[in-house]
Amino acid sequence: MTTRRALIAANWKMNGSVELAQTMSSALSSLTVHSEILICPPVIFLANFPKNASYQLGGQNVSTEIQGAFTGEISADMLRESGATYTIVGHSERRALYGETDSVVLAKALRAVSAKLTPIICFGETLAERQQEKTFEVIAQHLDAVYAAHPELLAASVIAYEPIWAIGTGETASPEQAQAVHEFIRQHVAKYDANAAEKIRIIYGGSVNADNCQALFAKPDIDGALVGGASLKPAEFTAICLAARDK
Ligand code: PGA
């Protein structure tokens, strides 16, 4: 039986400060949890997190390019050199606001892996797609676009299921709705590599908070959370970290 270590990832988006980095770092340092904790602050704040065994650091985005004349971009090697071991890739805000397509998302994930960063690749359906009962179809298309040509990415990445209608809206998928999609994702990627599908961590994102996380973590295919708003509040974020369980 495979054990999947729970992963609780904080996505600060374009929020936070040097002061919050320090407060969060000390709140996490005094915690004893078995799960893996990851903080993805704006990259400028990576240096404000002391090297610490109680959490990992990650980027929120990464360039498709290795280096060169790409103003404003941050390379995978630079993230790695700044202390990151993970990076979020293909968050719905990147897809919707910055036009990232599945092929861009794939290129970024591959770049991350070659720099020894673990990409957390985000997938999710819109409200309209859910209402038209197209959730599974849409998720399958996105998964295929990334993993069909590169099944080796399964062993090197984390999947985040983030229903777009639940992000920043206060509306969470019910534990049953989320579990149904997580189970679908695991079965779908098992077509490429059954062993890797059993091992890959599939985390849930979309208005996770200290009150709703326990019921989500109790589901068999929910291996942790990608937390936005609630990850900016040290007390609430540590409560979520404490609630996580390995599978
Ligand atoms: P939220 O964001 O928790 O604020 O809904 C989640 C995310 O976008 O990763």
# chains A, B, ... in the order shown; residues from 1 in each chain; ligands from 1
>>> residues_near_ligand(ligand="ligand 1", cutoff="10 Å", atoms="only C-alpha atoms and all ligand atoms", output="PyMOL selection string")
chain A and resi 9-13+60+88+91-93+122+160-172+204-209+225-232
>>> residues_around(residues="stretch 112-118 of chain A", least_positions_apart="4", cutoff="10 Å", atoms="only C-alpha atoms", output="number ranges by chain")
A: 58-59, 61-64, 66, 75-81, 84-89, 106-108, 153, 155-158
>>> closest_residue(among="A:Thr23, A:Thr3, A:Ser17, A:Thr101", to="A:Thr238", atoms="only C-alpha atoms")
A:Thr23
>>> select_by_dssp(residues="stretch 23-201 of chain A", states="strand (DSSP E or B)", output="VMD selection string")
chain A and resid 36 to 40 56 to 59 84 to 89 118 to 123 158 to 161
>>> write_last_selection(atoms="N, CA, C and O atoms", output="JSON list (two decimals), in the first residue's frame")
[["chain", "number", "residue", "atom", "x", "y", "z"],
["A", 36, "GLU", "N", 3.78, 17.76, 4.75],
["A", 36, "GLU", "CA", 4.76, 18.66, 4.15],
["A", 36, "GLU", "C", 4.09, 20.03, 4.00],
["A", 36, "GLU", "O", 2.95, 20.12, 3.53],
["A", 37, "ILE", "N", 4.80, 21.07, 4.39],
["A", 37, "ILE", "CA", 4.25, 22.42, 4.30],
["A", 37, "ILE", "C", 5.07, 23.21, 3.28],
["A", 37, "ILE", "O", 6.30, 23.14, 3.29],
["A", 38, "LEU", "N", 4.37, 23.92, 2.43],
["A", 38, "LEU", "CA", 5.04, 24.66, 1.37],
["A", 38, "LEU", "C", 4.49, 26.09, 1.33],
["A", 38, "LEU", "O", 3.28, 26.28, 1.37],
["A", 39, "ILE", "N", 5.39, 27.06, 1.27],
["A", 39, "ILE", "CA", 4.96, 28.45, 1.14],
["A", 39, "ILE", "C", 5.40, 28.97, -0.22],
["A", 39, "ILE", "O", 6.58, 28.91, -0.57],
["A", 40, "CYS", "N", 4.44, 29.49, -0.99],
["A", 40, "CYS", "CA", 4.74, 30.11, -2.29],
["A", 40, "CYS", "C", 4.41, 31.59, -2.19],
["A", 40, "CYS", "O", 3.30, 32.03, -2.52],
["A", 56, "GLN", "N", 8.91, 24.08, 3.16],
["A", 56, "GLN", "CA", 9.61, 24.23, 1.89],
["A", 56, "GLN", "C", 9.14, 25.54, 1.27],
["A", 56, "GLN", "O", 8.10, 26.08, 1.66],
["A", 57, "LEU", "N", 9.89, 25.99, 0.27],
["A", 57, "LEU", "CA", 9.51, 27.22, -0.43],
["A", 57, "LEU", "C", 9.27, 26.94, -1.91],
["A", 57, "LEU", "O", 9.88, 26.03, -2.48],
["A", 58, "GLY", "N", 8.39, 27.72, -2.51],
["A", 58, "GLY", "CA", 8.11, 27.51, -3.93],
["A", 58, "GLY", "C", 7.78, 28.81, -4.64],
["A", 58, "GLY", "O", 7.48, 29.83, -4.00],
["A", 59, "GLY", "N", 7.84, 28.77, -5.97],
["A", 59, "GLY", "CA", 7.39, 29.89, -6.79],
["A", 59, "GLY", "C", 5.91, 29.73, -7.11],
["A", 59, "GLY", "O", 5.33, 28.66, -6.89],
["A", 84, "ALA", "N", 13.80, 27.69, -3.57],
["A", 84, "ALA", "CA", 12.57, 26.97, -3.88],
["A", 84, "ALA", "C", 12.84, 25.52, -4.25],
["A", 84, "ALA", "O", 13.87, 25.21, -4.85],
["A", 85, "THR", "N", 11.91, 24.66, -3.87],
["A", 85, "THR", "CA", 11.98, 23.26, -4.31],
["A", 85, "THR", "C", 10.74, 22.90, -5.13],
["A", 85, "THR", "O", 10.68, 21.83, -5.72],
["A", 86, "TYR", "N", 9.76, 23.77, -5.12],
["A", 86, "TYR", "CA", 8.51, 23.57, -5.86],
["A", 86, "TYR", "C", 8.21, 24.82, -6.67],
["A", 86, "TYR", "O", 8.73, 25.90, -6.37],
["A", 87, "THR", "N", 7.31, 24.69, -7.65],
["A", 87, "THR", "CA", 6.67, 25.86, -8.23],
["A", 87, "THR", "C", 5.27, 25.52, -8.69],
["A", 87, "THR", "O", 5.02, 24.41, -9.19],
["A", 88, "ILE", "N", 4.35, 26.42, -8.46],
["A", 88, "ILE", "CA", 2.99, 26.27, -9.00],
["A", 88, "ILE", "C", 3.08, 26.55, -10.50],
["A", 88, "ILE", "O", 3.83, 27.42, -10.94],
["A", 89, "VAL", "N", 2.32, 25.80, -11.28],
["A", 89, "VAL", "CA", 2.31, 25.99, -12.73],
["A", 89, "VAL", "C", 0.86, 25.92, -13.21],
["A", 89, "VAL", "O", 0.09, 25.07, -12.76],
["A", 118, "THR", "N", 9.70, 20.65, -8.15],
["A", 118, "THR", "CA", 8.49, 19.87, -8.35],
["A", 118, "THR", "C", 7.36, 20.80, -8.78],
["A", 118, "THR", "O", 6.99, 21.70, -8.01],
["A", 119, "PRO", "N", 6.82, 20.63, -10.00],
["A", 119, "PRO", "CA", 5.71, 21.49, -10.39],
["A", 119, "PRO", "C", 4.40, 21.03, -9.75],
["A", 119, "PRO", "O", 4.13, 19.83, -9.70],
["A", 120, "ILE", "N", 3.63, 21.98, -9.26],
["A", 120, "ILE", "CA", 2.25, 21.70, -8.82],
["A", 120, "ILE", "C", 1.38, 22.19, -9.96],
["A", 120, "ILE", "O", 1.25, 23.40, -10.17],
["A", 121, "ILE", "N", 0.85, 21.26, -10.74],
["A", 121, "ILE", "CA", 0.16, 21.64, -11.97],
["A", 121, "ILE", "C", -1.34, 21.73, -11.68],
["A", 121, "ILE", "O", -1.95, 20.79, -11.16],
["A", 122, "CYS", "N", -1.91, 22.91, -11.97],
["A", 122, "CYS", "CA", -3.30, 23.18, -11.60],
["A", 122, "CYS", "C", -4.28, 22.92, -12.74],
["A", 122, "CYS", "O", -4.01, 23.29, -13.89],
["A", 123, "PHE", "N", -5.39, 22.31, -12.40],
["A", 123, "PHE", "CA", -6.45, 22.02, -13.37],
["A", 123, "PHE", "C", -7.78, 22.34, -12.71],
["A", 123, "PHE", "O", -7.95, 22.14, -11.51],
["A", 158, "VAL", "N", 2.97, 17.30, -8.76],
["A", 158, "VAL", "CA", 1.79, 17.24, -7.89],
["A", 158, "VAL", "C", 0.65, 17.82, -8.73],
["A", 158, "VAL", "O", 0.88, 18.75, -9.52],
["A", 159, "ILE", "N", -0.54, 17.26, -8.60],
["A", 159, "ILE", "CA", -1.70, 17.82, -9.31],
["A", 159, "ILE", "C", -2.53, 18.62, -8.30],
["A", 159, "ILE", "O", -2.78, 18.15, -7.18],
["A", 160, "ALA", "N", -2.95, 19.82, -8.70],
["A", 160, "ALA", "CA", -3.90, 20.57, -7.86],
["A", 160, "ALA", "C", -5.21, 20.67, -8.62],
["A", 160, "ALA", "O", -5.24, 21.18, -9.75],
["A", 161, "TYR", "N", -6.27, 20.14, -8.02],
["A", 161, "TYR", "CA", -7.60, 20.32, -8.60],
["A", 161, "TYR", "C", -8.18, 21.58, -7.99],
["A", 161, "TYR", "O", -8.39, 21.66, -6.79]]
